[in-house]
$ cat model_11.txt   # compact mmCIF, C-alpha atoms
# COMPACT_ATOMS: atom_id res chain seq x y z
CA MET A 910 13.45 155.70 221.30
CA ASP A 911 14.15 159.45 221.38
CA ARG A 912 15.81 161.45 218.66
CA VAL A 913 19.29 161.23 220.25
CA GLY A 914 19.04 157.43 220.27
CA GLN A 915 18.14 157.46 216.55
CA ILE A 916 21.09 159.74 215.75
CA LEU A 917 23.46 157.49 217.70
CA ARG A 918 22.23 154.43 215.81
CA ALA A 919 22.76 156.23 212.49
CA LEU A 920 26.32 157.17 213.48
CA PHE A 921 27.11 153.62 214.66
CA ARG A 922 25.69 152.18 211.44
CA ARG A 923 27.93 154.48 209.44
CA ALA A 924 31.01 153.37 211.42
CA LEU A 925 30.17 149.68 211.02
CA SER A 926 29.63 149.99 207.27
CA GLU A 927 32.96 151.83 206.98
CA HIS A 928 34.96 149.22 208.85
CA GLY A 929 33.20 145.94 208.09
CA ARG A 930 34.56 143.00 210.05
CA ASP A 931 37.11 145.13 211.90
CA ALA A 932 34.54 147.31 213.60
CA PRO A 933 36.43 149.31 216.23
CA ALA A 934 35.44 149.77 219.86
CA LEU A 935 33.45 152.85 220.88
CA THR A 936 35.59 155.17 222.97
CA ASP A 937 33.72 158.47 223.27
CA ILE A 938 30.56 160.43 222.48
CA VAL A 939 30.81 164.19 222.50
CA ILE A 940 28.51 167.14 221.95
CA GLU A 941 29.91 170.33 220.44
CA ARG A 942 28.20 173.62 221.09
CA ALA A 943 27.07 175.86 218.24
CA HIS A 944 30.04 177.79 216.93
CA GLY A 945 29.58 180.79 214.65
CA ARG A 946 27.35 179.68 211.86
CA LEU A 947 27.86 175.99 212.76
CA GLU A 948 24.98 174.36 214.58
CA PRO A 949 25.52 172.07 217.56
CA ARG A 950 26.54 168.53 216.68
CA ILE A 951 27.03 165.13 218.24
CA GLY A 952 30.05 163.00 217.42
CA VAL A 953 31.12 159.44 218.17
CA GLN A 954 34.76 158.40 218.39
CA PHE A 955 36.27 154.91 218.03
CA SER A 956 39.40 153.12 219.14
CA ASN A 957 41.03 153.39 215.70
CA GLY A 958 40.65 157.18 215.66
CA TYR A 959 37.64 157.21 213.39
CA ARG A 960 35.13 159.98 214.16
CA THR A 961 31.77 160.72 212.67
CA TRP A 962 29.36 163.59 213.32
CA SER A 963 25.72 164.50 213.01
CA PRO A 964 23.86 167.78 213.63
CA LEU A 965 21.91 167.93 216.86
CA SER A 966 19.04 170.39 217.37
CA PRO A 967 18.50 171.98 220.81
CA SER A 968 15.06 170.38 221.05
CA ASP A 969 16.56 166.87 220.53
CA CYS A 970 19.14 167.61 223.15
CA TYR A 971 16.57 169.05 225.56
CA ALA A 972 14.46 165.86 225.49
CA PHE A 973 17.56 163.78 226.25
CA CYS A 974 18.67 166.04 229.08
CA GLU A 975 15.22 165.98 230.59
CA ARG A 976 15.06 162.20 230.46
CA HIS A 977 18.43 161.84 232.19
CA ALA A 978 17.96 164.86 234.45
CA THR A 979 21.34 166.24 233.53
CA TRP A 980 22.05 169.65 232.09
CA ASP A 981 25.84 170.06 231.91
CA ILE A 982 28.07 168.84 229.07
CA GLY A 983 30.02 166.42 231.31
CA GLY A 984 26.84 164.80 232.62
CA ILE A 985 25.34 164.55 229.13
CA ARG A 986 28.54 162.85 227.87
CA VAL A 987 28.37 160.24 230.65
CA ALA A 988 24.66 159.61 229.93
CA LEU A 989 25.33 159.33 226.19
CA LEU A 990 28.11 156.79 226.75
CA ARG A 991 25.94 154.81 229.18
CA GLU A 992 23.17 154.64 226.62
CA GLY A 993 25.43 154.33 223.55
CA HIS A 994 27.62 151.39 224.64
CA PRO A 995 24.87 148.72 224.82
CA ILE A 996 23.33 149.97 221.56
CA TYR A 997 26.68 149.80 219.78
CA ALA A 998 27.51 146.37 221.26
CA GLN A 999 24.22 144.96 219.99
CA MET A 1000 24.63 146.55 216.55
CA ARG A 1001 28.18 145.22 216.30
CA GLU A 1002 27.00 141.71 217.09
CA GLU A 1003 24.20 141.91 214.52
CA HIS A 1004 26.62 143.28 211.96
CA ALA A 1005 29.10 140.41 212.54
CA ALA A 1006 26.29 137.84 212.26
CA GLU A 1007 25.15 139.39 208.99
CA LEU A 1008 28.70 139.30 207.62
CA ARG A 1009 29.03 135.63 208.61
CA ARG A 1010 25.73 134.83 206.89
CA LEU A 1011 26.83 136.63 203.72
CA ARG A 1012 30.19 134.85 203.71
CA ARG A 1013 28.51 131.44 204.10
CA ARG A 1014 26.13 132.26 201.25
CA ARG A 1015 29.03 133.39 199.04
CA GLU A 1016 30.95 130.16 199.77
CA GLU A 1017 27.89 128.07 198.94
CA LEU A 1018 27.43 129.92 195.67
CA GLU A 1019 31.10 129.51 194.79
CA MET A 1020 30.92 125.80 195.55
CA LEU A 1021 27.87 125.36 193.35
CA ARG A 1022 29.47 127.41 190.62
CA SER A 1023 32.72 125.41 190.73
CA ARG A 1024 30.87 122.06 190.73
CA ASP A 1025 29.01 122.95 187.56
CA GLY A 1026 32.02 124.80 186.28
CA VAL A 1027 34.44 121.87 186.18
CA ALA A 1028 32.52 119.94 183.55
CA THR A 1029 31.91 123.07 181.50
CA LEU A 1030 35.55 124.12 181.76
CA LEU A 1031 36.87 120.74 180.66
CA GLU A 1032 34.44 120.58 177.77
CA ARG A 1033 35.45 124.09 176.65
CA LEU A 1034 39.14 123.27 177.02
CA ARG A 1035 38.73 120.25 174.80
CA ARG A 1036 36.78 122.15 172.18
CA GLU A 1037 39.44 124.80 172.05
CA ALA A 1038 42.25 122.26 171.99
CA ASP A 1039 42.59 122.16 168.22
CA ALA A 1040 43.07 125.88 167.87
CA LEU A 1041 45.70 125.93 170.59
CA ASP A 1042 47.45 122.79 169.42
CA ARG A 1043 48.48 124.53 166.22
CA ASP A 1044 50.91 126.49 168.32
CA LEU A 1045 52.62 123.55 169.95
CA ILE A 1046 56.18 122.94 168.92
CA TRP A 1047 56.02 119.23 169.70
CA ARG A 1048 53.21 118.90 167.19
CA GLN A 1049 55.36 120.38 164.47
CA ARG A 1050 58.05 117.84 165.30
CA GLU A 1051 55.55 115.05 165.27
CA TYR A 1052 53.96 116.00 161.95
CA PRO A 1053 56.83 117.24 159.82
CA ASP A 1054 54.89 116.47 156.63
CA ALA A 1055 51.80 118.34 157.65
CA ALA A 1056 50.63 121.16 155.41
CA PRO A 1057 52.57 124.34 156.24
CA GLN A 1058 50.81 126.55 158.73
CA PRO A 1059 50.20 130.18 157.87
CA GLU A 1060 52.78 132.58 159.24
CA PRO A 1061 52.00 132.97 162.95
CA ARG A 1062 50.66 136.36 163.82
CA ARG A 1063 51.53 136.10 167.48
CA PRO A 1064 54.95 137.12 168.67
CA ASP A 1065 57.26 134.59 170.34
CA ALA A 1066 56.18 135.45 173.86
CA GLY A 1067 52.57 134.79 172.91
CA ARG A 1068 53.51 131.45 171.39
CA ARG A 1069 55.40 130.43 174.50
CA LEU A 1070 52.44 131.44 176.66
CA LEU A 1071 50.11 129.37 174.51
CA GLN A 1072 52.44 126.39 174.76
CA TRP A 1073 52.51 126.69 178.53
CA TRP A 1074 48.73 127.07 178.65
CA ALA A 1075 48.19 124.02 176.44
CA GLN A 1076 50.36 121.93 178.74
CA GLN A 1077 48.52 123.17 181.82
CA ARG A 1078 45.21 122.46 180.12
CA ASP A 1079 46.12 118.89 179.30
CA GLN A 1080 47.51 118.22 182.74
CA LEU A 1081 44.40 119.66 184.35
CA ALA A 1082 42.11 117.71 182.05
CA GLY A 1083 44.11 114.56 182.71
CA SER A 1084 44.11 114.90 186.45
CA MET A 1085 40.44 115.90 186.63
CA PHE A 1086 39.40 112.91 184.59
CA PHE A 1087 41.67 110.65 186.58
CA LEU A 1088 40.17 111.94 189.82
CA ARG A 1089 36.68 111.52 188.48
CA SER A 1090 37.35 107.97 187.36
CA SER A 1091 39.04 107.10 190.65
CA ASN A 1092 35.72 107.70 192.38
CA GLU A 1093 33.86 105.59 189.91
CA GLY A 1094 35.42 102.19 190.30
CA GLY A 1095 38.10 100.22 192.05
CA SER A 1096 40.23 100.87 195.10
CA LYS A 1097 43.28 103.10 195.06
CA ARG A 1098 45.44 99.98 194.83
CA ALA A 1099 43.40 98.74 191.85
CA GLN A 1100 43.79 102.13 190.17
CA GLU A 1101 47.55 101.97 190.64
CA ARG A 1102 47.72 98.41 189.29
CA GLY A 1103 45.71 99.49 186.26
CA ILE A 1104 48.00 102.41 185.52
CA GLN A 1105 51.05 100.21 186.05
CA LEU A 1106 49.75 97.59 183.60
CA LEU A 1107 48.93 100.31 181.09
CA LYS A 1108 52.37 101.89 181.32
CA GLN A 1109 54.06 98.49 180.97
CA ASN A 1110 52.28 98.10 177.66
CA LEU A 1111 52.80 101.54 176.18
CA ALA A 1112 55.60 102.38 173.78
CA PRO A 1113 58.15 104.80 175.29
CA ALA A 1114 56.77 107.72 173.26
CA GLN A 1115 53.21 106.95 174.39
CA ARG A 1116 54.34 106.68 178.00
CA GLN A 1117 56.05 110.04 177.74
CA GLN A 1118 52.94 111.60 176.21
CA LEU A 1119 50.75 110.20 178.97
CA ASP A 1120 53.03 111.49 181.72
CA LYS A 1121 53.39 114.90 180.15
CA PHE A 1122 49.98 115.59 178.65
CA GLY A 1123 47.55 113.08 180.19
CA PHE A 1124 46.88 111.33 176.87
CA PHE A 1125 48.62 109.12 174.33
CA ASP A 1126 48.18 108.55 170.60
CA VAL A 1127 47.47 105.23 168.93
CA VAL A 1128 47.49 104.26 165.25
CA GLY A 1129 44.53 102.14 164.14
CA GLY A 1130 45.68 98.67 163.10
CA SER A 1131 43.28 98.37 160.13
CA THR A 1132 42.87 101.91 158.80
CA GLY A 1133 46.08 103.62 159.94
CA LYS A 1134 43.98 106.43 161.40
CA ARG A 1135 45.30 108.24 164.40
CA TYR A 1136 43.45 108.22 167.73
CA ARG A 1137 44.09 110.03 170.97
CA ILE A 1138 43.22 108.22 174.20
CA ARG A 1139 42.82 110.58 177.12
CA ASN A 1140 43.04 109.70 180.79
CA GLY A 1141 39.54 108.47 181.64
CA ARG A 1142 37.08 105.65 181.29
CA GLN A 1143 34.43 106.95 178.93
CA MET A 1144 34.22 109.45 176.06
CA ASN A 1145 37.98 109.70 176.14
CA ILE A 1146 38.91 108.74 172.56
CA GLU A 1147 39.35 111.27 169.78
CA GLN A 1148 40.05 110.57 166.14
CA LEU A 1149 42.62 112.96 164.69
CA ASP A 1150 43.27 114.03 161.12
CA LYS A 1151 46.70 114.07 159.51
CA ASN A 1152 47.41 117.47 161.07
CA GLY A 1153 46.50 116.23 164.50
CA ARG A 1154 43.16 118.02 164.64
CA ARG A 1155 40.12 116.40 166.13
CA VAL A 1156 37.76 114.76 163.65
CA CYS A 1157 35.32 113.20 166.10
CA GLY A 1158 35.08 111.36 169.39
CA TRP A 1159 34.50 107.63 169.93
CA CYS A 1160 33.11 106.03 173.03
CA PHE A 1161 33.66 102.37 173.83
CA PHE A 1162 35.09 100.57 176.83
CA PRO A 1163 35.38 97.05 178.22
CA GLN A 1164 32.55 95.63 180.30
CA GLY A 1165 32.98 95.03 184.02
CA ASN A 1166 33.49 98.47 185.60
CA LEU A 1167 37.26 98.30 185.20
CA VAL A 1168 39.72 100.86 186.51
CA ALA A 1169 40.90 103.70 184.24
CA GLY A 1170 44.29 102.16 183.43
CA ASP A 1171 42.70 98.89 182.28
CA VAL A 1172 40.08 100.73 180.24
CA MET A 1173 42.71 102.78 178.41
CA LEU A 1174 44.83 99.69 177.76
CA ALA A 1175 41.80 97.81 176.42
CA GLN A 1176 41.00 100.76 174.16
CA LYS A 1177 44.57 100.87 172.88
CA MET A 1178 44.64 97.12 172.19
CA ALA A 1179 41.23 97.25 170.50
CA LEU A 1180 42.23 100.10 168.19
CA GLU A 1181 45.53 98.46 167.30
CA LEU A 1182 44.30 94.88 166.92
CA TYR A 1183 40.57 94.90 166.13
CA GLU A 1184 39.86 98.49 165.18
CA VAL A 1185 36.92 97.95 162.83
CA GLU A 1186 35.07 95.73 165.27
CA ALA A 1187 35.68 98.19 168.11
CA LEU A 1188 34.42 101.14 166.06
CA ASN A 1189 31.32 99.17 165.06
CA ILE A 1190 30.51 98.79 168.74
CA ALA A 1191 31.51 102.36 169.64
CA ASN A 1192 29.33 105.43 169.63
CA ARG A 1193 30.61 108.36 167.61
CA TYR A 1194 30.17 111.85 169.00
CA MET B 1380 57.11 80.92 183.25
CA ALA B 1381 54.15 82.10 181.21
CA VAL B 1382 51.47 84.34 182.63
CA GLN B 1383 47.82 84.96 181.87
CA ILE B 1384 46.69 88.45 182.89
CA VAL B 1385 42.97 88.92 183.31
CA MET B 1386 41.62 92.47 183.58
CA ASP B 1387 39.20 92.85 186.45
CA ARG B 1388 38.04 95.32 189.11
CA THR B 1389 41.18 94.76 191.18
CA GLY B 1390 43.29 96.00 188.27
CA ASP B 1391 44.23 92.56 187.05
CA THR B 1392 44.61 88.97 188.22
CA ARG B 1393 47.69 87.06 187.12
CA HIS B 1394 47.89 83.30 186.63
CA GLU B 1395 51.41 82.01 186.14
CA PHE B 1396 52.11 78.56 184.76
CA ASP B 1397 55.11 76.51 183.70
CA SER B 1398 54.80 75.68 180.02
CA ALA B 1399 56.77 72.45 180.69
CA ASP B 1400 54.20 71.29 183.24
CA SER B 1401 51.44 69.52 181.31
CA ARG B 1402 48.94 69.79 184.18
CA ALA B 1403 49.52 73.52 184.54
CA VAL B 1404 49.25 73.91 180.78
CA ALA B 1405 45.94 72.03 180.77
CA LEU B 1406 44.61 74.33 183.49
CA ALA B 1407 45.81 77.39 181.57
CA GLU B 1408 44.16 76.12 178.41
CA GLU B 1409 40.90 75.54 180.27
CA ARG B 1410 41.09 79.11 181.61
CA PHE B 1411 41.76 80.39 178.08
CA ARG B 1412 38.70 78.58 176.70
CA ASP B 1413 36.56 79.67 179.61
CA LEU B 1414 37.47 83.35 179.26
CA THR B 1415 37.31 83.53 175.47
CA GLY B 1416 33.99 81.69 175.67
CA LYS B 1417 32.73 84.53 177.86
CA GLY B 1418 33.71 87.09 175.25
CA PHE B 1419 37.20 88.05 176.48
CA ARG B 1420 39.78 88.83 173.82
CA ALA B 1421 43.18 87.21 174.31
CA VAL B 1422 46.17 89.30 173.28
CA ALA B 1423 49.76 88.13 173.24
CA LEU B 1424 51.53 91.19 174.62
CA GLY B 1425 54.27 92.65 172.48
CA ARG B 1426 57.63 93.77 173.79
CA ASP B 1427 58.24 97.36 174.86
CA GLY B 1428 54.66 98.48 174.31
CA GLY B 1429 54.39 97.08 170.80
CA PRO B 1430 50.91 96.39 169.45
CA GLY B 1431 50.82 92.72 170.43
CA LYS B 1432 48.88 90.06 168.62
CA LEU B 1433 45.36 88.67 168.87
CA VAL B 1434 45.39 85.04 169.99
CA ARG B 1435 42.46 82.93 168.87
CA LYS B 1436 43.86 79.57 169.88
CA PHE B 1437 45.64 78.69 173.11
CA ASP B 1438 49.42 78.67 172.74
CA PRO B 1439 51.45 77.68 175.84
CA GLN B 1440 54.55 79.29 174.38
CA VAL B 1441 53.11 82.82 174.57
CA GLU B 1442 54.89 84.50 177.46
CA GLN B 1443 52.21 87.01 178.44
CA THR B 1444 48.56 86.76 177.45
CA LEU B 1445 46.25 89.63 178.32
CA PHE B 1446 42.52 88.93 178.56
CA ILE B 1447 40.35 91.95 177.72
CA PRO B 1448 36.62 91.86 178.53
CA GLN B 1449 34.07 92.31 175.75
CA LEU B 1450 33.66 95.87 174.56
CA GLN B 1451 30.54 97.96 174.80
CA GLY B 1452 29.59 101.32 173.33
CA GLY B 1453 29.19 104.28 175.65
$ encode --input "model_11.txt" --output "structure tokens"
Amino acid sequence: MDRVGQILRALFRRALSEHGRDAPALTDIVIERAHGRLEPRIGVQFSNGYRTWSPLSPSDCYAFCERHATWDIGGIRVALLREGHPIYAQMREEHAAELRRLRRRREELEMLRSRDGVATLLERLRREADALDRDLIWRQREYPDAAPQPEPRRPDAGRRLLQWWAQQRDQLAGSMFFLRSSNEGGSKRAQERGIQLLKQNLAPAQRQQLDKFGFFDVVGGSTGKRYRIRNGRQMNIEQLDKNGRRVCGWCFFPQGNLVAGDVMLAQKMALELYEVEALNIANRY
Amino acid sequence: MAVQIVMDRTGDTRHEFDSADSRAVALAEERFRDLTGKGFRAVALGRDGGPGKLVRKFDPQVEQTLFIPQLQGG
């Protein structure tokens, strides 16, 4: 390839990197004579008005003219366009393919990141739950006798934002765990029956909690301790202290690969009716 | 009509029986023994989501009995 061909490629590359996916069509290639102290230059022009230039030495130009046997500006322009169009078309195609490859790679990376990220996110949300829960108004209503909290440092808007975030967090955690468990066992119909049976056997306040936050609280029948059962089939029970903060987690569930609704109902019944026995079987975490 | 609700992979299976029908009661009692023998816990369901009551002996007068499979640690 001669020097003019290399310069054209450099100019096309510049245009493609400037415009990415929307690379414009090549419309013209011009050569400007030396003017005053300015040396001669070659410029390419595109359909969107973009122009880019590069210096062109007489020796480069001479080789090109000799190859195409043309010595006037008009003839050189025609020869440049004839040579430039296929080069640009090929570069444009390669550029688009490269962009497609990069986009696919980015999507794959995002998918991998989100797959690993869900579990991490949920775990982090749960760990941070206690700190955020202190700001929930419903908790203050529920635990009127709890030790007085220190004067909140956050202004009202911040508190409202935290409340909203806590609700979103619980709904997300609830739905993610429900989705996960729906893949693990039972048909959709079975899942619905399980949830229906559970809701039929929850107290109105528990039902409301489940609908709103994706969990419900249960009082242990033997010890009077408070437990929180989250939407799920495993590792979904938390023991709470008198202020509603997490003490530890308990993991037990009925045998037989039951649907989530049945598992949560069995956990509720066990904690209310045979708490000690259930906790002896359970693993604490 | 009384009903025995057995938790299973379909959600639950319900067995209704007439507590005035001695044959149906006998069948229900046999089912109770069979399930509790396998480790199921029988719970007489309370009203309006109340805690309910553990049932260790078959009682045909209990309106709704829920059978919960044996628990295991996770």
$ closest_residue --input "model_11.txt" --among "A:Cys970, A:Ile982, A:Ala1114, A:Ile1146" --to "Asp911 in chain A" --atoms "all atoms listed in the file"
A:Cys970
$ closest_residue --input "model_11.txt" --among "A:Glu948, A:Glu1019, A:Glu1181, A:Asp1171" --to "Asp1126 in chain A" --atoms "only C-alpha atoms"
A:Glu1181
$ interface_residues --input "model_11.txt" --of "chain A" --to "chain B" --cutoff "6 Å" --atoms "all atoms listed in the file" --output "list in words"
Gly1095, Ala1099, Arg1102, Gly1103, Asn1110, Leu1111, Ala1112, Cys1160, Phe1161, Phe1162, Pro1163, Gln1164, Leu1167, Ile1190, Ala1191 and Asn1192 of chain A
$ atom_distance --input "model_11.txt" --atom1 "CA of Gln1440 in chain B" --atom2 "CA of Arg1393 in chain B"
16.4 Å
$ atom_distance --input "model_11.txt" --atom1 "CA of Pro995 in chain A" --atom2 "CA of Arg922 in chain A"
13.8 Å
$ residues_around --input "model_11.txt" --residues "Gly1129 in chain A" --least-positions-apart "5" --cutoff "12 Å" --atoms "all atoms listed in the file" --output "list of chain:residue names"
A:Lys1134, A:Arg1135, A:Tyr1136, A:Arg1137, A:Ile1138, A:Glu1147, A:Gln1148, A:Leu1149, A:Gln1176, A:Lys1177, A:Met1178, A:Ala1179, A:Leu1180, A:Glu1181, A:Leu1182, A:Tyr1183, A:Glu1184, A:Val1185, A:Glu1186, A:Ala1187, A:Leu1188, B:Pro1430
$ atom_distance --input "model_11.txt" --atom1 "CA of Leu1011 in chain A" --atom2 "CA of Thr961 in chain A"
26.2 Å
$ residues_around --input "model_11.txt" --residues "Glu1442 in chain B" --least-positions-apart "6" --cutoff "9 Å" --atoms "only C-alpha atoms" --output "mmCIF file with C-alpha atoms, in the coordinates of the input"
data_model
loop_
_atom_site.group_PDB
_atom_site.id
_atom_site.type_symbol
_atom_site.label_atom_id
_atom_site.label_comp_id
_atom_site.auth_asym_id
_atom_site.auth_seq_id
_atom_site.Cartn_x
_atom_site.Cartn_y
_atom_site.Cartn_z
ATOM 1 C CA MET B 1380 57.110 80.920 183.250
ATOM 2 C CA ALA B 1381 54.150 82.100 181.210
ATOM 3 C CA VAL B 1382 51.470 84.340 182.630
ATOM 4 C CA GLN B 1383 47.820 84.960 181.870
ATOM 5 C CA ALA B 1423 49.760 88.130 173.240
ATOM 6 C CA LEU B 1424 51.530 91.190 174.620
#
$ closest_residue --input "model_11.txt" --among "A:Thr936, A:Asn1166, A:Gln1115, A:Gln954" --to "Gln1100 in chain A" --atoms "only C-alpha atoms"
A:Asn1166
$ closest_residue --input "model_11.txt" --among "A:Gln915, A:Asn1145, A:Thr1132, A:Asn1152" --to "Val1172 in chain A" --atoms "all atoms listed in the file"
A:Asn1145
$ residues_around --input "model_11.txt" --residues "range 984-994 of chain A" --least-positions-apart "3" --cutoff "9 Å" --atoms "only C-alpha atoms" --output "MDAnalysis selection string"
chainID A and resid 913:914 917:918 935:940 973:974 977 979:981 997:999
$ axis_aligned_box --input "model_11.txt" --around "range 1163-1177 of chain A" --padding-each-side "3 Å" --output "AutoDock Vina command-line options"
--center_x 38.7 --center_y 99.4 --center_z 179.7 --size_x 18.3 --size_y 14.7 --size_z 19.6
